[in-house]
>>> print(open('model39.txt').read())   # compact mmCIF, C-alpha atoms
# COMPACT_ATOMS: atom_id res chain seq x y z
CA MET A 1 -11.11 -15.03 -13.74
CA LYS A 2 -9.41 -13.30 -10.86
CA VAL A 3 -5.68 -12.75 -10.40
CA ARG A 4 -4.26 -12.35 -6.91
CA PHE A 5 -0.65 -11.38 -6.23
CA TRP A 6 1.13 -13.00 -3.29
CA GLY A 7 4.70 -12.02 -4.18
CA THR A 8 5.75 -9.28 -6.57
CA ARG A 9 9.40 -8.48 -5.76
CA GLY A 10 12.28 -9.47 -8.00
CA SER A 11 15.36 -11.51 -7.15
CA ILE A 12 15.15 -11.51 -3.34
CA PRO A 13 12.44 -10.83 -0.77
CA VAL A 14 12.65 -7.48 1.00
CA SER A 15 10.79 -5.81 3.83
CA ILE A 16 10.05 -2.22 4.68
CA THR A 17 12.19 -1.06 7.59
CA ALA A 18 11.46 0.87 10.78
CA LYS A 19 12.84 3.93 9.01
CA ASP A 20 10.35 3.41 6.14
CA VAL A 21 7.41 3.07 8.56
CA ARG A 22 8.47 6.20 10.41
CA ALA A 23 8.67 8.10 7.13
CA LYS A 24 5.13 6.98 6.21
CA ILE A 25 3.73 8.01 9.60
CA GLY A 26 5.54 11.34 9.33
CA ALA A 27 4.15 11.97 5.85
CA ALA A 28 0.60 11.12 6.99
CA LEU A 29 0.85 13.37 10.05
CA ARG A 30 2.13 16.28 7.96
CA VAL A 31 -0.88 15.95 5.64
CA ALA A 32 -3.19 15.77 8.69
CA ARG A 33 -1.55 18.87 10.18
CA ASP A 34 -2.06 20.81 6.94
CA ARG A 35 -5.68 19.70 6.75
CA ALA A 36 -6.29 20.59 10.40
CA ALA A 37 -5.12 24.11 9.63
CA THR A 38 -7.97 24.42 7.13
CA GLY A 39 -10.52 22.74 9.39
CA GLU A 40 -10.57 19.53 7.34
CA PHE A 41 -9.09 17.19 9.95
CA PRO A 42 -10.81 13.78 9.73
CA GLY A 43 -13.27 13.23 12.56
CA ASN A 44 -15.21 10.00 12.36
CA ASP A 45 -14.01 6.59 11.17
CA VAL A 46 -15.37 7.03 7.66
CA GLU A 47 -13.48 10.29 7.27
CA ILE A 48 -10.32 8.66 8.63
CA GLU A 49 -10.59 5.85 6.07
CA ARG A 50 -11.09 8.41 3.30
CA PHE A 51 -8.12 10.39 4.61
CA ILE A 52 -5.95 7.24 4.45
CA ASP A 53 -7.11 6.55 0.88
CA ASP A 54 -6.20 10.09 -0.14
CA LEU A 55 -2.64 9.77 1.17
CA GLY A 56 -1.51 7.78 -1.85
CA PHE A 57 -0.41 4.17 -1.90
CA SER A 58 3.25 4.73 -1.11
CA VAL A 59 2.25 6.41 2.18
CA SER A 60 -0.88 4.47 3.15
CA GLY A 61 0.31 1.06 1.93
CA THR A 62 3.29 -0.82 0.62
CA TYR A 63 4.07 -2.77 -2.53
CA GLY A 64 5.40 -5.56 -0.34
CA GLY A 65 8.47 -7.63 -0.54
CA HIS A 66 7.69 -11.28 -1.24
CA SER A 67 9.29 -12.87 -4.27
CA SER A 68 7.20 -14.08 -7.22
CA CYS A 69 3.94 -15.88 -6.61
CA VAL A 70 0.68 -15.20 -8.45
CA GLU A 71 -2.65 -17.00 -8.02
CA ILE A 72 -5.07 -17.34 -10.90
CA GLU A 73 -8.59 -18.03 -9.73
CA THR A 74 -10.18 -19.71 -12.71
CA GLY A 75 -13.84 -19.34 -11.77
CA ASN A 76 -14.37 -22.85 -13.13
CA GLU A 77 -16.86 -24.44 -10.72
CA ASP A 78 -16.31 -27.86 -12.29
CA ALA A 79 -12.75 -27.73 -10.95
CA ALA A 80 -13.41 -25.94 -7.67
CA ASN A 81 -10.80 -28.02 -5.83
CA GLU A 82 -8.09 -27.28 -8.38
CA HIS A 83 -6.01 -24.15 -7.93
CA LEU A 84 -3.60 -22.40 -10.28
CA LEU A 85 -0.42 -20.62 -9.30
CA CYS A 86 2.53 -19.11 -11.08
CA ASP A 87 5.87 -19.63 -9.32
CA MET A 88 6.63 -20.47 -5.71
CA GLY A 89 8.60 -17.50 -4.44
CA SER A 90 8.35 -16.50 -0.78
CA GLY A 91 4.79 -15.24 -1.38
CA VAL A 92 3.51 -18.81 -1.57
CA ARG A 93 3.89 -19.21 2.22
CA ALA A 94 1.04 -16.77 2.90
CA TYR A 95 -0.99 -18.29 0.07
CA GLY A 96 -0.57 -21.72 1.69
CA GLN A 97 -1.75 -20.34 5.03
CA ARG A 98 -4.85 -18.92 3.35
CA MET A 99 -5.58 -22.27 1.75
CA MET A 100 -5.14 -24.06 5.08
CA GLU A 101 -7.56 -21.64 6.74
CA ARG A 102 -10.07 -22.24 3.97
CA TYR A 103 -9.79 -26.01 3.55
CA GLY A 104 -8.07 -27.28 6.68
CA PRO A 105 -6.17 -30.59 6.71
CA THR A 106 -9.16 -32.78 5.86
CA ARG A 107 -10.32 -31.42 2.51
CA PRO A 108 -7.69 -32.39 -0.05
CA GLN A 109 -7.01 -29.91 -2.86
CA THR A 110 -5.01 -29.93 -6.08
CA TYR A 111 -2.51 -27.15 -6.74
CA HIS A 112 -1.22 -26.64 -10.27
CA VAL A 113 1.94 -24.54 -10.23
CA PHE A 114 3.34 -23.13 -13.48
CA MET A 115 7.02 -22.32 -13.15
CA SER A 116 8.65 -19.54 -15.13
CA HIS A 117 12.00 -21.11 -14.22
CA VAL A 118 13.71 -22.56 -11.19
CA HIS A 119 15.95 -19.76 -9.98
CA TRP A 120 16.00 -19.55 -6.23
CA ASP A 121 13.67 -16.57 -5.81
CA HIS A 122 10.97 -18.51 -7.70
CA ILE A 123 11.18 -21.75 -5.69
CA MET A 124 12.21 -20.56 -2.22
CA GLY A 125 8.64 -20.55 -0.84
CA PHE A 126 8.02 -24.23 -1.59
CA PRO A 127 9.42 -25.62 1.72
CA PHE A 128 7.09 -23.22 3.58
CA PHE A 129 3.97 -24.04 1.55
CA THR A 130 2.02 -25.89 4.23
CA PRO A 131 -0.23 -27.92 1.85
CA VAL A 132 2.83 -29.97 0.76
CA TYR A 133 2.98 -31.44 4.27
CA ILE A 134 -0.70 -32.51 4.30
CA PRO A 135 -1.58 -36.05 3.13
CA GLY A 136 -4.17 -36.09 0.37
CA ASN A 137 -3.18 -32.83 -1.24
CA ARG A 138 -1.91 -33.05 -4.81
CA ILE A 139 0.75 -30.63 -6.00
CA VAL A 140 1.48 -30.64 -9.73
CA ILE A 141 4.51 -28.60 -10.69
CA HIS A 142 4.37 -27.78 -14.39
CA GLY A 143 7.31 -26.32 -16.26
CA CYS A 144 9.45 -26.55 -19.35
CA HIS A 145 12.79 -27.14 -17.63
CA ALA A 146 14.10 -30.69 -17.63
CA GLU A 147 15.70 -30.06 -14.22
CA LEU A 148 12.40 -29.04 -12.57
CA GLU A 149 12.30 -31.96 -10.11
CA PHE A 150 16.02 -31.77 -9.39
CA ALA A 151 15.78 -28.08 -8.45
CA PHE A 152 12.98 -28.61 -5.91
CA LYS A 153 14.58 -31.71 -4.39
CA ARG A 154 18.01 -30.12 -4.14
CA GLN A 155 16.57 -27.09 -2.34
CA GLN A 156 14.92 -29.37 0.21
CA ALA A 157 17.99 -31.56 0.82
CA ALA A 158 20.47 -31.31 3.69
CA PRO A 159 22.28 -29.17 4.58
CA SER A 160 19.99 -26.54 3.03
CA PHE A 161 16.73 -27.58 4.75
CA PRO A 162 15.83 -29.85 7.67
CA VAL A 163 12.92 -31.72 6.01
CA ASP A 164 13.94 -33.80 3.03
CA PHE A 165 11.67 -33.85 -0.03
CA SER A 166 11.01 -37.57 0.52
CA LEU A 167 9.28 -36.74 3.83
CA LEU A 168 6.65 -34.47 2.29
CA ALA A 169 3.28 -36.13 2.83
CA SER A 170 1.35 -34.72 -0.13
CA ASN A 171 1.33 -36.28 -3.57
CA ILE A 172 3.81 -34.20 -5.60
CA GLU A 173 4.10 -34.58 -9.36
CA PHE A 174 6.40 -32.93 -11.86
CA ASP A 175 5.04 -32.27 -15.32
CA VAL A 176 7.68 -31.27 -17.85
CA ILE A 177 5.90 -29.59 -20.75
CA ALA A 178 7.50 -29.19 -24.16
CA PRO A 179 8.19 -25.57 -25.16
CA GLY A 180 5.34 -24.37 -27.33
CA GLU A 181 2.97 -27.15 -26.23
CA THR A 182 -0.61 -26.18 -25.36
CA ARG A 183 -2.28 -27.87 -22.38
CA SER A 184 -5.71 -27.90 -20.80
CA VAL A 185 -5.46 -27.82 -17.02
CA ALA A 186 -8.43 -27.44 -14.66
CA GLY A 187 -10.54 -26.20 -17.56
CA ILE A 188 -8.00 -23.55 -18.57
CA THR A 189 -6.04 -23.51 -21.80
CA VAL A 190 -2.36 -22.95 -21.07
CA ARG A 191 0.32 -21.99 -23.57
CA ASN A 192 3.98 -21.21 -23.00
CA LEU A 193 6.70 -19.18 -24.68
CA LYS A 194 10.45 -19.44 -24.21
CA GLN A 195 12.05 -16.22 -22.94
CA HIS A 196 15.56 -14.78 -22.66
CA HIS A 197 16.92 -15.39 -19.18
CA SER A 198 19.91 -17.18 -17.76
CA GLY A 199 19.06 -20.89 -18.15
CA ASP A 200 15.89 -19.84 -20.05
CA SER A 201 12.53 -18.90 -18.62
CA TYR A 202 9.00 -19.43 -19.91
CA GLY A 203 6.02 -17.13 -20.10
CA TRP A 204 2.56 -18.62 -19.55
CA ARG A 205 -0.72 -17.61 -21.14
CA PHE A 206 -3.98 -18.73 -19.49
CA GLU A 207 -7.32 -18.54 -21.30
CA ARG A 208 -10.85 -19.36 -20.27
CA ALA A 209 -14.28 -18.16 -21.31
CA GLY A 210 -12.94 -15.36 -23.48
CA LYS A 211 -10.56 -14.01 -20.83
CA SER A 212 -6.78 -14.23 -20.94
CA VAL A 213 -3.87 -13.60 -18.61
CA VAL A 214 -0.19 -13.63 -19.55
CA TYR A 215 2.47 -14.20 -16.89
CA SER A 216 5.79 -13.11 -18.37
CA THR A 217 8.51 -12.56 -15.82
CA ASP A 218 12.28 -12.86 -15.80
CA SER A 219 12.34 -12.09 -19.47
CA GLU A 220 14.75 -9.86 -21.34
CA HIS A 221 13.55 -8.36 -24.59
CA ARG A 222 15.67 -7.50 -27.58
CA LEU A 223 13.38 -5.46 -29.75
CA GLU A 224 16.03 -5.15 -32.45
CA ASN A 225 15.08 -8.72 -33.37
CA ALA A 226 11.76 -8.20 -35.19
CA GLU A 227 10.97 -11.90 -35.49
CA GLU A 228 11.41 -12.43 -31.78
CA THR A 229 9.38 -9.34 -30.96
CA GLN A 230 6.54 -10.68 -33.10
CA LEU A 231 6.50 -13.90 -31.06
CA PHE A 232 5.81 -11.86 -27.92
CA VAL A 233 3.28 -9.62 -29.68
CA ASP A 234 1.40 -12.78 -30.71
CA PHE A 235 1.70 -14.26 -27.21
CA PHE A 236 0.33 -11.05 -25.62
CA HIS A 237 -2.30 -10.57 -28.36
CA ASN A 238 -5.50 -8.99 -26.98
CA ALA A 239 -4.69 -10.22 -23.47
CA ASP A 240 -6.89 -8.86 -20.71
CA LEU A 241 -3.86 -8.71 -18.46
CA VAL A 242 -0.12 -8.96 -19.06
CA ILE A 243 1.99 -9.44 -15.92
CA PHE A 244 5.37 -8.17 -17.05
CA ASP A 245 8.91 -8.04 -15.68
CA ALA A 246 9.60 -4.30 -15.47
CA MET A 247 12.54 -4.50 -13.10
CA TYR A 248 14.88 -1.97 -14.69
CA SER A 249 14.78 1.39 -16.38
CA LEU A 250 15.26 1.10 -20.14
CA ALA A 251 18.67 2.79 -19.92
CA ASP A 252 19.85 0.15 -17.44
CA ALA A 253 18.22 -2.73 -19.35
CA VAL A 254 20.14 -1.95 -22.53
CA SER A 255 23.44 -0.95 -20.94
CA VAL A 256 24.91 -1.95 -17.57
CA LYS A 257 22.22 -4.58 -16.97
CA ALA A 258 22.02 -5.95 -20.51
CA ASP A 259 22.06 -9.77 -20.43
CA TRP A 260 20.88 -9.80 -16.81
CA GLY A 261 17.64 -11.33 -18.05
CA HIS A 262 15.10 -8.64 -17.14
CA SER A 263 13.10 -5.97 -18.86
CA SER A 264 11.75 -2.45 -18.42
CA ASN A 265 8.51 -0.51 -18.19
CA ILE A 266 9.11 0.98 -21.65
CA PHE A 267 9.34 -2.42 -23.34
CA GLY A 268 6.23 -3.50 -21.42
CA VAL A 269 4.15 -0.60 -22.72
CA GLU A 270 5.42 -0.95 -26.28
CA LEU A 271 4.84 -4.70 -26.48
CA CYS A 272 1.36 -4.41 -24.96
CA GLN A 273 0.49 -1.58 -27.35
CA MET A 274 1.66 -3.62 -30.33
CA ALA A 275 -0.31 -6.62 -29.05
CA GLY A 276 -3.51 -4.71 -28.29
CA ALA A 277 -3.45 -5.89 -24.66
CA ARG A 278 -5.87 -4.20 -22.23
CA ARG A 279 -3.85 -4.08 -19.02
CA LEU A 280 -0.17 -4.09 -18.21
CA CYS A 281 0.77 -4.98 -14.66
CA MET A 282 4.41 -4.24 -13.85
CA PHE A 283 5.96 -7.01 -11.79
CA HIS A 284 9.24 -8.33 -10.35
CA HIS A 285 10.09 -4.98 -8.77
CA GLU A 286 13.72 -4.07 -8.23
CA PRO A 287 14.51 -4.93 -4.55
CA ALA A 288 16.41 -1.66 -4.14
CA TYR A 289 13.27 0.38 -4.90
CA ASP A 290 11.18 1.71 -2.02
CA ASP A 291 7.42 2.33 -2.24
CA SER A 292 7.82 5.90 -3.33
CA ARG A 293 10.18 4.93 -6.15
CA ILE A 294 7.79 2.25 -7.43
CA ASP A 295 4.97 4.83 -7.26
CA SER A 296 7.09 7.20 -9.39
CA VAL A 297 7.83 4.48 -11.95
CA LEU A 298 4.10 3.77 -12.16
CA ALA A 299 3.23 7.44 -12.72
CA GLU A 300 5.96 7.78 -15.35
CA THR A 301 4.89 4.61 -17.13
CA ARG A 302 1.27 5.81 -17.28
CA ARG A 303 2.53 9.05 -18.76
CA PHE A 304 4.67 7.17 -21.31
CA GLU A 305 1.61 5.15 -22.31
CA GLU A 306 -0.33 8.38 -22.75
CA ILE A 307 2.41 10.00 -24.87
CA THR A 308 2.80 6.99 -27.13
CA ARG A 309 -0.88 5.93 -27.37
CA GLU A 310 -2.08 5.46 -30.93
CA ALA A 311 -5.10 3.19 -30.45
CA SER A 312 -7.17 2.41 -27.36
CA ALA A 313 -5.71 3.13 -23.96
CA LEU A 314 -3.64 0.55 -22.14
CA GLU A 315 -4.34 0.44 -18.41
CA VAL A 316 -1.06 0.40 -16.50
CA LEU A 317 -0.80 -1.02 -12.98
CA SER A 318 2.00 -1.90 -10.62
CA ALA A 319 1.66 -5.19 -8.76
CA TRP A 320 1.70 -5.32 -4.96
CA ASP A 321 1.44 -8.19 -2.53
CA GLY A 322 -2.31 -8.55 -2.01
CA LEU A 323 -3.49 -6.88 -5.22
CA GLU A 324 -6.50 -8.54 -6.82
CA ILE A 325 -7.50 -7.96 -10.43
CA VAL A 326 -10.86 -9.19 -11.65
CA LEU A 327 -11.00 -9.82 -15.40
CA MET B 328 17.31 8.32 -42.84
CA GLU B 329 18.87 11.57 -43.98
CA LEU B 330 20.70 13.54 -41.38
CA GLY B 331 21.39 17.19 -41.92
CA SER B 332 24.88 17.92 -40.62
CA ARG B 333 26.98 21.01 -40.24
CA GLN B 334 30.26 21.96 -38.73
CA VAL B 335 30.53 24.66 -36.06
CA ASN B 336 34.25 25.03 -35.42
CA ALA B 337 35.31 21.58 -34.22
CA ILE B 338 31.79 20.49 -33.36
CA THR B 339 29.70 18.35 -35.71
CA VAL B 340 25.98 19.05 -35.39
CA VAL B 341 23.67 16.39 -36.82
CA ALA B 342 19.92 16.85 -37.06
CA PRO B 343 17.67 13.79 -37.47
CA LYS B 344 14.07 14.51 -38.45
CA GLY B 345 10.69 12.89 -37.83
CA ARG B 346 10.06 9.73 -35.81
CA ILE B 347 12.85 7.46 -34.62
CA ASP B 348 10.54 4.48 -34.16
CA HIS B 349 11.08 0.74 -34.60
CA ALA B 350 11.18 1.10 -38.39
CA GLN B 351 13.42 4.17 -38.50
CA ALA B 352 15.81 3.33 -35.65
CA PRO B 353 18.10 1.03 -37.71
CA LEU B 354 18.27 3.69 -40.44
CA PHE B 355 19.08 6.36 -37.85
CA GLN B 356 21.80 4.15 -36.42
CA GLU B 357 23.26 3.53 -39.88
CA ALA B 358 23.16 7.20 -40.83
CA MET B 359 24.93 8.12 -37.57
CA LYS B 360 27.80 5.67 -38.13
CA PRO B 361 30.27 8.01 -39.92
CA HIS B 362 29.64 10.78 -37.40
CA VAL B 363 30.09 8.39 -34.49
CA ALA B 364 33.28 6.98 -36.05
CA ALA B 365 34.70 10.49 -36.28
CA CYS B 366 33.84 11.35 -32.69
CA THR B 367 37.08 10.24 -31.06
CA ILE B 368 39.50 11.64 -28.52
CA ASN B 369 41.19 13.47 -31.40
CA GLY B 370 38.02 14.36 -33.33
CA GLY B 371 35.57 17.07 -32.43
CA PRO B 372 32.50 16.65 -30.22
CA LEU B 373 29.20 15.46 -31.68
CA LEU B 374 25.97 17.34 -30.92
CA ILE B 375 22.68 15.71 -31.92
CA ASP B 376 20.06 18.39 -32.61
CA PHE B 377 16.72 16.79 -31.71
CA SER B 378 14.58 19.80 -32.60
CA GLY B 379 13.17 17.93 -35.62
CA VAL B 380 12.45 14.66 -33.79
CA ASP B 381 8.79 14.15 -32.90
CA TYR B 382 8.99 10.72 -31.29
CA ILE B 383 11.54 8.16 -30.17
CA SER B 384 10.75 4.53 -29.35
CA SER B 385 12.76 2.05 -27.28
CA MET B 386 14.53 0.97 -30.46
CA GLY B 387 15.57 4.57 -31.09
CA LEU B 388 16.75 4.86 -27.50
CA ARG B 389 18.73 1.67 -27.89
CA ALA B 390 20.39 3.20 -30.96
CA LEU B 391 21.30 6.21 -28.83
CA MET B 392 22.77 3.88 -26.21
CA LEU B 393 24.97 2.22 -28.82
CA ILE B 394 26.13 5.66 -29.97
CA ALA B 395 26.98 6.64 -26.39
CA ARG B 396 28.87 3.40 -25.84
CA SER B 397 30.92 3.75 -29.04
CA VAL B 398 31.79 7.38 -28.38
CA THR B 399 32.73 6.64 -24.76
CA ALA B 400 34.99 3.80 -25.91
CA GLN B 401 36.67 6.21 -28.33
CA LYS B 402 36.97 8.81 -25.54
CA GLY B 403 34.94 11.23 -27.64
CA THR B 404 32.13 13.55 -26.53
CA VAL B 405 28.50 13.36 -27.60
CA ALA B 406 25.52 15.37 -26.38
CA ILE B 407 21.89 16.01 -27.27
CA ALA B 408 20.10 19.33 -27.60
CA ALA B 409 16.72 20.93 -28.29
CA LEU B 410 14.40 18.09 -27.31
CA LYS B 411 10.70 18.59 -27.88
CA PRO B 412 8.80 18.36 -24.58
CA THR B 413 7.34 14.87 -25.08
CA VAL B 414 10.63 13.49 -26.40
CA ARG B 415 12.36 14.97 -23.34
CA GLU B 416 9.78 13.22 -21.15
CA VAL B 417 10.50 9.89 -22.86
CA LEU B 418 14.23 10.34 -22.26
CA GLU B 419 13.59 11.12 -18.61
CA ILE B 420 11.17 8.23 -18.08
CA SER B 421 13.66 5.82 -19.65
CA ARG B 422 16.52 7.43 -17.65
CA PHE B 423 18.43 8.27 -20.84
CA HIS B 424 18.90 11.81 -19.55
CA LEU B 425 21.42 10.19 -17.18
CA VAL B 426 23.30 8.68 -20.12
CA PHE B 427 23.58 11.84 -22.23
CA LYS B 428 24.33 15.43 -21.47
CA VAL B 429 21.15 17.19 -22.60
CA TYR B 430 21.04 20.91 -23.48
CA ASP B 431 17.91 23.01 -23.84
CA THR B 432 19.04 24.54 -27.13
CA VAL B 433 21.62 23.85 -29.81
CA ASP B 434 23.32 27.13 -28.92
CA ASP B 435 23.57 26.06 -25.27
CA GLY B 436 25.13 22.80 -26.45
CA LEU B 437 27.60 24.54 -28.73
CA ILE B 438 28.71 26.89 -25.96
CA ALA B 439 29.08 24.05 -23.46
CA LEU B 440 31.08 21.98 -25.95
CA GLY B 441 33.44 24.86 -26.58
CA ALA B 442 32.34 26.31 -29.93
>>> encode(input="model39.txt", output="structure tokens")
Amino acid sequence: MKVRFWGTRGSIPVSITAKDVRAKIGAALRVARDRAATGEFPGNDVEIERFIDDLGFSVSGTYGGHSSCVEIETGNEDAANEHLLCDMGSGVRAYGQRMMERYGPTRPQTYHVFMSHVHWDHIMGFPFFTPVYIPGNRIVIHGCHAELEFAFKRQQAAPSFPVDFSLLASNIEFDVIAPGETRSVAGITVRNLKQHHSGDSYGWRFERAGKSVVYSTDSEHRLENAEETQLFVDFFHNADLVIFDAMYSLADAVSVKADWGHSSNIFGVELCQMAGARRLCMFHHEPAYDDSRIDSVLAETRRFEEITREASALEVLSAWDGLEIVL
Amino acid sequence: MELGSRQVNAITVVAPKGRIDHAQAPLFQEAMKPHVAACTINGGPLLIDFSGVDYISSMGLRALMLIARSVTAQKGTVAIAALKPTVREVLEISRFHLVFKVYDTVDDGLIALGA
């Protein structure tokens, strides 16, 4: 299995600004200047690439700003024309472009989309997902919310969007799954778990050939409720990867932003440790955070994992638009 | 959980011991109740001596948040002192050092609180 992130930002898409780019260039040039003083200035292209790698991700790259969209490449060759996605935030536009480049308009594909919930930041990419306009494509939108179809159609209706849902040329199906029901889709076993969020959200667990991925975003945790905590520990049990809403600091999550429906890096580490998960990937980044702040949260979270480790190490990552994780 | 407590002039110093983890956090919260109730605008400040605390989990931090909220609502004053290095790190990573006034030592806390 391979997991590819197309949108990792919480609540609303953001973009780095001219000021941010200038700060990155300035930081890189200052490092280059210091290296030049010691005769280590990069000369050839290989050295330049290495120099860029050494700058650190918040200088050489960016976490990106698209809202939630995660692709799960199943590796199931018997279902090579069936694709799995979690949520249709703004990141799904670029994913759709990639699929169009790969398959063009004449090779119909099936896209299975598993929705955490239907808040705007998780559906806003749908009208810009080119495959929905191509006859022959099949889009199956799976979710546990009864209003799944209504939410997508309302977003597409006038005066919010110029192309009504009824004009979309692909075959679009809505599959409302009962909470707690297990499904087999494109050769993958899929389970769900109800989460705390305004209007409810659902986490999804995907398993195939001994590998497992959990997608758990827009989920507030109340660890004082032991029974509820155990449900999540079971859901995350031995997962190879847990994609986890780590939008707030713990202090914010249990005080001024309590009941806002999101979680923190601390809860993520603790739940994954209790569950024996192998990797935690922090997701749904706070839109107010810049690259350097997300880098700091990642470093701190890795340190917290180290301080609190009692069994095997938990690998801690921070999602960025374009990140690929091979399981 | 047993809390050692002592009075230094108007200041109540309480000293939890061991790990404030998921199992111990509710007991810590319960044991703190009378001290929190007394920490009002008219009562003396409350100083939590963390020198005996080896570990605090998110549940323990949540208990601290509830203490801070109650004391703030009562217009009282609460602070923390003498954190072990890793416990201090946990407070900083979770941003709880922005919720509480944290002093390096109990003596520093007592002086700052007016003992």
>>> atom_distance(input="model39.txt", atom1="CA of Ala27 (chain A)", atom2="CA of Val59 (chain A)")
6.9 Å
>>> residues_around(input="model39.txt", residues="region 189-199 of chain A", least_positions_apart="4", cutoff="8 Å", atoms="only C-alpha atoms", output="ChimeraX atom specification")
/A:179-185,203-208,218-221,235,259-262
>>> interface_residues(input="model39.txt", of="chain A", to="chain B", cutoff="7 Å", atoms="all atoms listed in the file", output="compact mmCIF listing (two decimals) with C-alpha atoms, in the coordinates of the input")
# COMPACT_ATOMS: atom_id res chain seq x y z
CA LEU A 223 13.38 -5.46 -29.75
CA GLU A 224 16.03 -5.15 -32.45
CA SER A 249 14.78 1.39 -16.38
CA LEU A 250 15.26 1.10 -20.14
CA ALA A 251 18.67 2.79 -19.92
CA VAL A 254 20.14 -1.95 -22.53
CA ILE A 266 9.11 0.98 -21.65
CA PHE A 267 9.34 -2.42 -23.34
CA GLU A 300 5.96 7.78 -15.35
CA PHE A 304 4.67 7.17 -21.31
CA ILE A 307 2.41 10.00 -24.87
>>> residues_around(input="model39.txt", residues="Phe114 (chain A)", least_positions_apart="2", cutoff="9 Å", atoms="only C-alpha atoms", output="list in words")
Leu84, Leu85, Cys86, Asp87, Met88, His112, Ser116, His117, Val140, Ile141, His142, Gly143 and Trp204 of chain A
>>> atom_distance(input="model39.txt", atom1="CA of Val233 (chain A)", atom2="CA of Thr217 (chain A)")
15.1 Å
>>> residues_around(input="model39.txt", residues="region 66-71 of chain A", least_positions_apart="4", cutoff="6 Å", atoms="only C-alpha atoms", output="PyMOL selection string")
chain A and resi 3-10+13+84-92+121-122
>>> residues_around(input="model39.txt", residues="Val363 (chain B)", least_positions_apart="4", cutoff="9 Å", atoms="all atoms listed in the file", output="number ranges by chain")
B: 359, 367, 373, 394-395, 397-398, 403, 405
>>> residues_near_point(input="model39.txt", point="(-13.1, -20.6, -14.5)", cutoff="8 Å", atoms="all atoms listed in the file", output="list in words")
Met1, Glu73, Thr74, Gly75, Asn76, Glu77, Ala79, Gly187, Ile188, Arg208 and Ala209 of chain A
